[in-house]
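Student: One structure, as structure tokens, below. Some questions next.
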Amino acid sequence: MVIVSDRDVSKELADLLIVGVEGGVFPGAGCAVGTAKETFFAHAGRHMYSEESVAIDDQTVWDLASLTKIAATTSVAMLLYQDGVLDLDSHVQSVLPGFVGDGKDEVTVRNLLLHDSGLPPYRRFGDLTDPDDVLQELLKTPLDAAPGEKTAYSDLGAVTLMEVMQRLTGHTLDKLFQDLVADPLGMESAVYNPILEVRSLCAPTEKLEEWRLLIEDEREFVRVQDDYIQGGVHDPTAFLLGGVSGNAGLFSRTADLVLLARAWLVGSDPFSREVAELFSKKQSEESTRALGFDTRVEEGSSAGEKFSSSSFGHTGYTGTTIWIDPEQELFAILLTNRVHPTSENIKIRKYRPTFHDRVVELLASK
């Protein structure tokens, strides 16, 4: 592999992010790309589309959205499996008696990780606001299909997996993540529910809706501002669950995700190489899914065309992405707040592949 100079990589990456800002893809972004030994950072833009807004820098904290599924939920599952606590082929109902409904007695932990449990992608919870009530109602959600019949990406499956792991260990997901993943890797900023002093460093997401304002008032949540979500989780399900969820809720700076991406890439502590390879490998020809991770497809992948077919990663609704390429020995982390001021902006879909193709051009020359 040929690595171009640090200065050239950083400048090229910054220019690429500026193109995104000027093109209205996102108001701000940070990225980190590299190999097992070297990392290059860049950032551009501001918290909002305003010259008076706070500039993005290496202290910016991002709502990771569905990157939580791999950074927290899957990572914890990997380590519990590694320690013999989590059995991938155990039935969910054996751990969660409240997981009831036709066909649900056949759903396994493996089904949850592969997104082929039959659970729907998401659901609404009416007037429920208490996290325990929301969780119990979620566990009663009927299946859309028989387990293993088809792959359908599901937030509800990730939340169910969270509850399985919490019941098995007696600890909440945020504590499991902190103890098993963040502390061993030295991830200082990666947390659920950032404290008040950190919220002003968080890139704002979408406009605060009335229903969210009412619940925040009920919970006595202290807001940074009253117009946009800042430092509180954007995802509605994770919000209703109190900010700690298997599908979303994790916040982090770019640099801390590098520690995690590099551990996945090389299979280093706290992950064994065997477990890292098992979870990141596509499990069948009928689906692109690995265990918790997605893998690159030939056409239309957010990873672009130049990451190898062995690549694995994930995207997040707020405009976040991680892709790992073990064959070319590189990784790319892109964090944005593309949902500010509105999630109707979907320009990120075209931007991501371009970004990742350029990363490969910068880092690898065969």
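Each chain in the structure tokens gets a letter, A, B, ..., in the order shown, and its residues are numbered from 1; ligands are numbered from 1 in order too.
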Excluding same-chain residues fewer than 4 positions from region 132-137 of chain A, what lies within 12 Å of it counting only C-alpha atoms, as number ranges by chain?

Tutor: A: 96-101, 123-128, 141-142, 156-157, 159-164, 236-242, 244-246

Student: Would you list the contacts of Val233 (chain A) as an NGL selection string, taking every protein, DNA or RNA residue within 8 Å and counting only C-alpha atoms, but skipping same-chain residues closer than 5 positions in sequence?

Tutor: :A and (63 or 65 or 193 or 238-239 or 243 or 248-250)

Student: Those same residues - N, CA, C and O atoms - I'd like them written as a compact mmCIF listing (two decimals), in the first residue's frame.

Tutor:
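Writing the result to part-v5.txt gives the following:
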# COMPACT_ATOMS: atom_id res chain seq x y z
N ASP A 63 -24.21 12.96 16.88
CA ASP A 63 -25.25 11.96 17.11
C ASP A 63 -25.04 10.86 16.06
O ASP A 63 -25.27 11.07 14.88
N ALA A 65 -26.62 8.12 15.46
CA ALA A 65 -27.82 7.46 14.94
C ALA A 65 -27.58 5.94 14.85
O ALA A 65 -27.13 5.34 15.82
N ASN A 193 -26.60 9.87 26.13
CA ASN A 193 -27.09 10.99 26.94
C ASN A 193 -25.96 11.90 27.42
O ASN A 193 -25.62 11.92 28.62
N ALA A 238 -35.35 5.74 20.22
CA ALA A 238 -34.31 5.88 21.24
C ALA A 238 -34.68 6.99 22.22
O ALA A 238 -34.43 6.88 23.43
N PHE A 239 -35.27 8.06 21.72
CA PHE A 239 -35.70 9.15 22.59
C PHE A 239 -36.76 8.68 23.59
O PHE A 239 -36.67 8.94 24.78
N GLY A 243 -33.11 7.63 25.75
CA GLY A 243 -31.81 7.98 25.18
C GLY A 243 -30.84 6.82 25.08
O GLY A 243 -29.82 6.94 24.39
N ALA A 248 -30.08 3.29 18.36
CA ALA A 248 -29.54 4.64 18.25
C ALA A 248 -29.31 5.19 19.65
O ALA A 248 -29.73 4.60 20.64
N GLY A 249 -28.66 6.35 19.72
CA GLY A 249 -28.48 7.01 21.00
C GLY A 249 -27.05 7.33 21.37
O GLY A 249 -26.79 8.15 22.26
N LEU A 250 -26.07 6.69 20.70
CA LEU A 250 -24.67 6.92 21.04
C LEU A 250 -24.18 8.21 20.40
O LEU A 250 -24.50 8.52 19.25

Student: Can you list, as a PyMOL selection string, every residue of region 114-212 of chain A that DSSP puts in helix (DSSP H, G or I)?

Tutor: chain A and resi 114+131-139+155-169+173-185+196-199+210-212

Student: Give me a file of those residues, with C-alpha atoms, as a PDB file, in the first residue's frame.

Tutor:
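Below you can see part38.pdb, which holds the result:
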ATOM      1  CA  LEU A 114     -28.954 -10.633  10.632  1.00  0.00           C
ATOM      2  CA  PRO A 131     -39.450   4.043  28.673  1.00  0.00           C
ATOM      3  CA  ASP A 132     -40.518   0.813  30.416  1.00  0.00           C
ATOM      4  CA  ASP A 133     -43.986   0.990  28.849  1.00  0.00           C
ATOM      5  CA  VAL A 134     -42.485   1.640  25.412  1.00  0.00           C
ATOM      6  CA  LEU A 135     -40.141  -1.331  25.739  1.00  0.00           C
ATOM      7  CA  GLN A 136     -42.861  -3.719  26.852  1.00  0.00           C
ATOM      8  CA  GLU A 137     -45.090  -2.628  23.986  1.00  0.00           C
ATOM      9  CA  LEU A 138     -42.193  -2.996  21.544  1.00  0.00           C
ATOM     10  CA  LEU A 139     -41.598  -6.579  22.654  1.00  0.00           C
ATOM     11  CA  ASP A 155     -34.683  -0.959  14.523  1.00  0.00           C
ATOM     12  CA  LEU A 156     -36.959  -3.110  16.675  1.00  0.00           C
ATOM     13  CA  GLY A 157     -34.595  -6.065  16.302  1.00  0.00           C
ATOM     14  CA  ALA A 158     -31.692  -3.979  17.605  1.00  0.00           C
ATOM     15  CA  VAL A 159     -33.730  -2.849  20.612  1.00  0.00           C
ATOM     16  CA  THR A 160     -34.759  -6.446  21.296  1.00  0.00           C
ATOM     17  CA  LEU A 161     -31.116  -7.540  21.183  1.00  0.00           C
ATOM     18  CA  MET A 162     -30.279  -4.801  23.663  1.00  0.00           C
ATOM     19  CA  GLU A 163     -32.891  -6.150  26.074  1.00  0.00           C
ATOM     20  CA  VAL A 164     -31.620  -9.718  25.661  1.00  0.00           C
ATOM     21  CA  MET A 165     -28.106  -8.627  26.629  1.00  0.00           C
ATOM     22  CA  GLN A 166     -29.370  -6.536  29.516  1.00  0.00           C
ATOM     23  CA  ARG A 167     -31.351  -9.472  30.922  1.00  0.00           C
ATOM     24  CA  LEU A 168     -28.416 -11.867  30.533  1.00  0.00           C
ATOM     25  CA  THR A 169     -25.963  -9.603  32.342  1.00  0.00           C
ATOM     26  CA  LEU A 173     -26.531  -1.263  27.526  1.00  0.00           C
ATOM     27  CA  ASP A 174     -24.812   2.033  28.283  1.00  0.00           C
ATOM     28  CA  LYS A 175     -22.929   0.426  31.185  1.00  0.00           C
ATOM     29  CA  LEU A 176     -22.073  -2.657  29.109  1.00  0.00           C
ATOM     30  CA  PHE A 177     -20.728  -0.413  26.351  1.00  0.00           C
ATOM     31  CA  GLN A 178     -18.715   1.665  28.797  1.00  0.00           C
ATOM     32  CA  ASP A 179     -17.215  -1.302  30.645  1.00  0.00           C
ATOM     33  CA  LEU A 180     -16.617  -3.684  27.730  1.00  0.00           C
ATOM     34  CA  VAL A 181     -15.857  -1.346  24.819  1.00  0.00           C
ATOM     35  CA  ALA A 182     -15.257   2.323  25.646  1.00  0.00           C
ATOM     36  CA  ASP A 183     -13.027   1.952  28.698  1.00  0.00           C
ATOM     37  CA  PRO A 184     -10.746  -0.783  27.260  1.00  0.00           C
ATOM     38  CA  LEU A 185     -10.281   1.215  24.048  1.00  0.00           C
ATOM     39  CA  LEU A 196     -25.166  19.319  29.826  1.00  0.00           C
ATOM     40  CA  GLU A 197     -21.612  20.662  29.495  1.00  0.00           C
ATOM     41  CA  VAL A 198     -21.064  18.515  26.375  1.00  0.00           C
ATOM     42  CA  ARG A 199     -24.375  19.239  24.633  1.00  0.00           C
ATOM     43  CA  GLU A 210     -43.979  19.666  20.003  1.00  0.00           C
ATOM     44  CA  TRP A 211     -44.352  16.080  21.235  1.00  0.00           C
ATOM     45  CA  ARG A 212     -40.636  15.923  22.017  1.00  0.00           C
TER      46      ARG A 212
END

Student: Just list as a PyMOL selection string whatever in region 179-341 of chain A DSSP marks as strand (DSSP E).

Tutor: chain A and resi 191-192+250-252+294-295+312-316+320-325+330-336

Student: Select, from A:Asn111, A:Asn247, A:Ser66, A:Gln225, the residue with the minimum atom-to-atom distance to Thr320 (chain A), counting only C-alpha atoms.

Tutor: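 Going through A:Asn111, A:Asn247, A:Ser66, A:Gln225 one by one, the smallest distance to Thr320 (chain A) is for A:Ser66.
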
Student: Which is closer to His115 (chain A) than all the others in A:Thr73, A:Ser343, A:Ser189, A:Thr151, using only C-alpha atoms?

Tutor: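 Smallest separation from His115 (chain A) among the options: A:Thr151.
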
Student: For Asp357 (chain A), which of A:Gln230, A:Ser302, A:Thr318, A:Thr336 is the closest residue, counting only C-alpha atoms?

Tutor: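 Using only C-alpha atoms, Asp357 (chain A) sits closest to A:Ser302.
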
Student: Near Ser10 (chain A), counting only C-alpha atoms, which residues have an atom at most 7 Å away, once you skip same-chain residues fewer than 6 positions from it, shown as a list of chain:residue names?

Tutor: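 Contacts, in chain order: A:Phe40, A:Phe41, A:Ala42.
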